[in-house]
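Undergrad: Got a structure for you, questions after.
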Amino acid sequence: MTISWTTRPEEPHDVPAIRAVNLAAFPTSLEADLVDALRKDPAWMPGLSLVAERDGAVTAHALLTRCHVDSAPALALAPCAVLPAFQRQGAGTAAINAALAAARSLGEPLVLVLGHPRYYPRFGFVRASSYGIRAPFDVPDEAMMALPLDPSRPVPAGTITYAPPFSA
């Protein structure tokens with residue numbers, strides 16, 4: 001049975017539910033705290049915090065915020081979280097697809113993710129190193145991935161600079 005997910009941009013009343021999703025999905029509060037800190041940072045992009053919901057309840061969250069590859073603008077996909085009861089049912093995929101569609105509609109050129117190398121390629125992500133993009137810290141090459149959103153634009157090479165809350 002395929003579950004249909006409703007996706008939409010975060011609204012102010014979703015903040016507690018998004019925090020609850022991140023707290024439930026991860027072993028510590030680091031990701032939930034990161035989302036809260038990013039909301040207050042200039043890296044926050046209106047419309048790029050997306051939720052998936054079922055029966056009116058937020059079940060998943062995907063966040064895109066501004067980062068850079070050297071001086072070129074890009075987006076960081078992080079964190080992505082799903083309530084444990086809804087994992088492996090498409091809620092996370094729906095939220096990520098909605099976030100990527102929103103980024104494309106805004107004309108954003110590139111999304112970067114540090115994540116599971118067997119999960120993110122389903123969205124079109126490939127090794128960032130194939131474009132000459134590298135993380136500012138040591139990570140397995142296969143885990144740092146890039147997704148160009150506009151094939152007509154060149155993909156910048158260089159080192160990723162994340163918003164300050166990522167290193168707090």
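Just remember, in the structure tokens the first chain shown is A, the second B, etc., residues are 1-based per chain, and ligands are 1-based in the order shown.
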Name the residues of segment 21-150 of chain A that come out as strand (DSSP E or B) in a backbone DSSP run; write them as a PyMOL selection string.

TA: chain A and resi 44-54+57-69+72-82+110-114+126-127+133-134+144-148

Undergrad: Show me a table, sorted first by chain and then by increasing residue number, of the residues of segment 18-105 of chain A having an atom at most 12 Å from segment 126-138 of chain A, each with its shortest atom pair and the distance in Å to one decimal, counting only C-alpha atoms and written as CSV.

TA:
residue,atom,partner,partner_atom,distance
A:Cys67,CA,A:Ala135,CA,11.4
A:His68,CA,A:Ile133,CA,10.4
A:Val69,CA,A:Ile133,CA,7.1
A:Asp70,CA,A:Ile133,CA,9.1
A:Ala72,CA,A:Ile133,CA,11.4
A:Ala74,CA,A:Ile133,CA,11.3
A:Ala76,CA,A:Ala135,CA,11.4

Undergrad: Write the residues of the selection above to a file with C-alpha atoms, as a compact mmCIF listing (two decimals), in the first residue's frame.

TA:
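Saved as out.txt:
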# COMPACT_ATOMS: atom_id res chain seq x y z
CA CYS A 67 25.84 27.58 2.04
CA HIS A 68 28.61 28.36 -0.43
CA VAL A 69 31.14 26.53 -2.55
CA ASP A 70 34.00 28.97 -2.32
CA ALA A 72 29.27 30.55 -5.21
CA ALA A 74 24.50 26.66 -2.93
CA ALA A 76 22.78 22.50 2.26

Undergrad: Quick one: residues within 12 Å of segment 145-152 of chain A, only C-alpha atoms, excluding same-chain residues fewer than 6 positions away - as JSON, numbers by chain?

TA: {"A": [69, 73, 74, 75, 76, 77, 99, 100, 101, 102, 103, 104, 105, 106, 107, 108, 109, 110, 111, 112, 113, 114, 115, 116, 117, 118, 119, 120, 121, 122, 123, 124, 125, 126, 127, 128, 129, 130, 131, 132, 133, 134, 135, 139, 160]}

Undergrad: Just the selected residues (C-alpha atoms), exported as a short mmCIF file (atom, residue, chain, number, x, y, z; two decimals), in the first residue's frame, please.

TA:
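Output (out_33.cif):
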data_model
loop_
_atom_site.label_atom_id
_atom_site.label_comp_id
_atom_site.auth_asym_id
_atom_site.auth_seq_id
_atom_site.Cartn_x
_atom_site.Cartn_y
_atom_site.Cartn_z
CA VAL A 69 31.14 26.53 -2.55
CA PRO A 73 25.84 30.13 -3.58
CA ALA A 74 24.50 26.66 -2.93
CA LEU A 75 22.10 25.00 -0.51
CA ALA A 76 22.78 22.50 2.26
CA LEU A 77 20.20 19.76 2.79
CA ALA A 99 12.31 20.77 -0.77
CA LEU A 100 14.22 20.11 -4.00
CA ALA A 101 11.23 21.22 -6.08
CA ALA A 102 10.97 24.42 -4.04
CA ALA A 103 14.68 25.11 -4.55
CA ARG A 104 14.35 24.56 -8.30
CA SER A 105 11.38 26.93 -8.44
CA LEU A 106 13.50 29.62 -6.76
CA GLY A 107 16.25 29.16 -9.35
CA GLU A 108 18.76 27.75 -6.90
CA PRO A 109 21.73 26.16 -8.66
CA LEU A 110 23.04 23.43 -6.37
CA VAL A 111 22.19 21.32 -3.32
CA LEU A 112 24.79 19.57 -1.16
CA VAL A 113 24.19 16.83 1.37
CA LEU A 114 26.36 14.88 3.75
CA GLY A 115 24.44 11.67 4.09
CA HIS A 116 23.98 8.00 3.45
CA PRO A 117 25.50 7.11 0.07
CA ARG A 118 22.82 4.51 -0.65
CA TYR A 119 19.87 6.80 0.17
CA TYR A 120 20.49 10.17 -1.49
CA PRO A 121 21.37 8.99 -5.02
CA ARG A 122 17.64 8.20 -5.51
CA PHE A 123 17.15 11.99 -5.71
CA GLY A 124 19.97 12.42 -8.23
CA PHE A 125 22.81 13.19 -5.83
CA VAL A 126 26.31 12.10 -6.87
CA ARG A 127 29.70 12.36 -5.19
CA ALA A 128 30.51 16.03 -4.74
CA SER A 129 34.15 15.27 -5.51
CA SER A 130 33.14 14.52 -9.10
CA TYR A 131 32.57 18.29 -9.40
CA GLY A 132 35.66 19.23 -7.40
CA ILE A 133 33.56 20.07 -4.33
CA ARG A 134 34.92 19.16 -0.90
CA ALA A 135 33.73 19.43 2.66
CA VAL A 139 34.25 12.89 5.53
CA ILE A 160 31.90 24.19 1.16
#

Undergrad: Do a neighbour search on Pro16 of chain A at 12 Å with only C-alpha atoms, toss out local chain neighbours closer than 2 positions, and write the hits as a PDB file with C-alpha atoms, in the first residue's frame.

TA:
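The result, stored in out-v7.pdb:
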ATOM      1  CA  GLU A  10       6.868  25.154   7.245  1.00  0.00           C
ATOM      2  CA  GLU A  11       4.453  27.561   8.905  1.00  0.00           C
ATOM      3  CA  PRO A  12       5.055  29.271  12.263  1.00  0.00           C
ATOM      4  CA  HIS A  13       2.700  26.909  14.110  1.00  0.00           C
ATOM      5  CA  ASP A  14       4.791  23.926  12.867  1.00  0.00           C
ATOM      6  CA  ILE A  18       9.308  20.019  13.637  1.00  0.00           C
ATOM      7  CA  ARG A  19      11.371  20.087  16.821  1.00  0.00           C
ATOM      8  CA  ALA A  20       9.512  16.965  18.033  1.00  0.00           C
ATOM      9  CA  VAL A  21      10.209  15.160  14.733  1.00  0.00           C
ATOM     10  CA  ASN A  22      13.940  15.926  14.986  1.00  0.00           C
ATOM     11  CA  LEU A  23      14.081  14.952  18.666  1.00  0.00           C
ATOM     12  CA  ALA A  32      16.603  19.909  16.640  1.00  0.00           C
ATOM     13  CA  ASP A  33      18.828  22.618  18.123  1.00  0.00           C
ATOM     14  CA  VAL A  35      17.088  23.759  13.054  1.00  0.00           C
ATOM     15  CA  ASP A  36      16.161  26.257  15.769  1.00  0.00           C
ATOM     16  CA  ALA A  57       0.141  15.842  11.636  1.00  0.00           C
ATOM     17  CA  VAL A  58       3.761  16.668  10.733  1.00  0.00           C
ATOM     18  CA  HIS A  61      10.931  17.518   7.834  1.00  0.00           C
TER      19      HIS A  61
END

Undergrad: Write out as a ChimeraX atom specification the set of residues from segment 18-156 of chain A that DSSP, computed on the backbone, places in alpha helix (DSSP H).

TA: /A:18-25,30-39,91-105

Undergrad: Write out as a PyMOL selection string the residues lying within 9 Å of Arg8 of chain A, counting only C-alpha atoms and excluding same-chain residues fewer than 3 positions away.

TA: chain A and resi 11+47+49-53+95+98-99

Undergrad: Set the distance at 7 Å and use only C-alpha atoms: which residues neighbour segment 88-91 of chain A once local chain neighbours fewer than 3 positions away are removed? I'd like the list as a ChimeraX atom specification.

TA: /A:3,5,52,59-60,82,94-95

Undergrad: Using C-alpha atoms, can you write the selected residues to a file as a PDB file, in the first residue's frame?

TA:
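The resulting file, result.pdb, is reproduced below:
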ATOM      1  CA  ILE A   3       0.772   6.222   1.483  1.00  0.00           C
ATOM      2  CA  TRP A   5       1.851  12.462   1.852  1.00  0.00           C
ATOM      3  CA  ALA A  52       5.351  16.044   5.082  1.00  0.00           C
ATOM      4  CA  THR A  59       5.599  13.373  10.234  1.00  0.00           C
ATOM      5  CA  ALA A  60       8.759  14.462   8.381  1.00  0.00           C
ATOM      6  CA  VAL A  82      11.067  11.413  10.052  1.00  0.00           C
ATOM      7  CA  ALA A  94       8.167  13.283   0.043  1.00  0.00           C
ATOM      8  CA  ALA A  95       9.668  16.057   2.201  1.00  0.00           C
TER       9      ALA A  95
END

Undergrad: What is the distance, in Å and to one decimal place, between atom CA of Leu34 of chain A and atom CA of Ile96 of chain A?

TA: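 Between these atoms lies a distance of 17.7 Å.
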
Undergrad: Closest to Pro156 of chain A among A:Leu64, A:Glu31, A:Ser71, A:Asp141, using only C-alpha atoms?

TA: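 So, comparing all the options, the nearest one is A:Ser71.
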
Undergrad: When you draw a straight line from atom CA of Thr93 of chain A to atom CA of Thr6 of chain A, how long is it in Å?

TA: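 The value is 11.6 Å.
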
Undergrad: Tell me which protein, DNA and RNA residues are within 9 Å of Pro164 of chain A, counting only C-alpha atoms, leaving out same-chain ones fewer than 6 positions away, and put them as a list in words.

TA: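 Answer for this query is Leu38, Asp41 and Ala43 of chain A.
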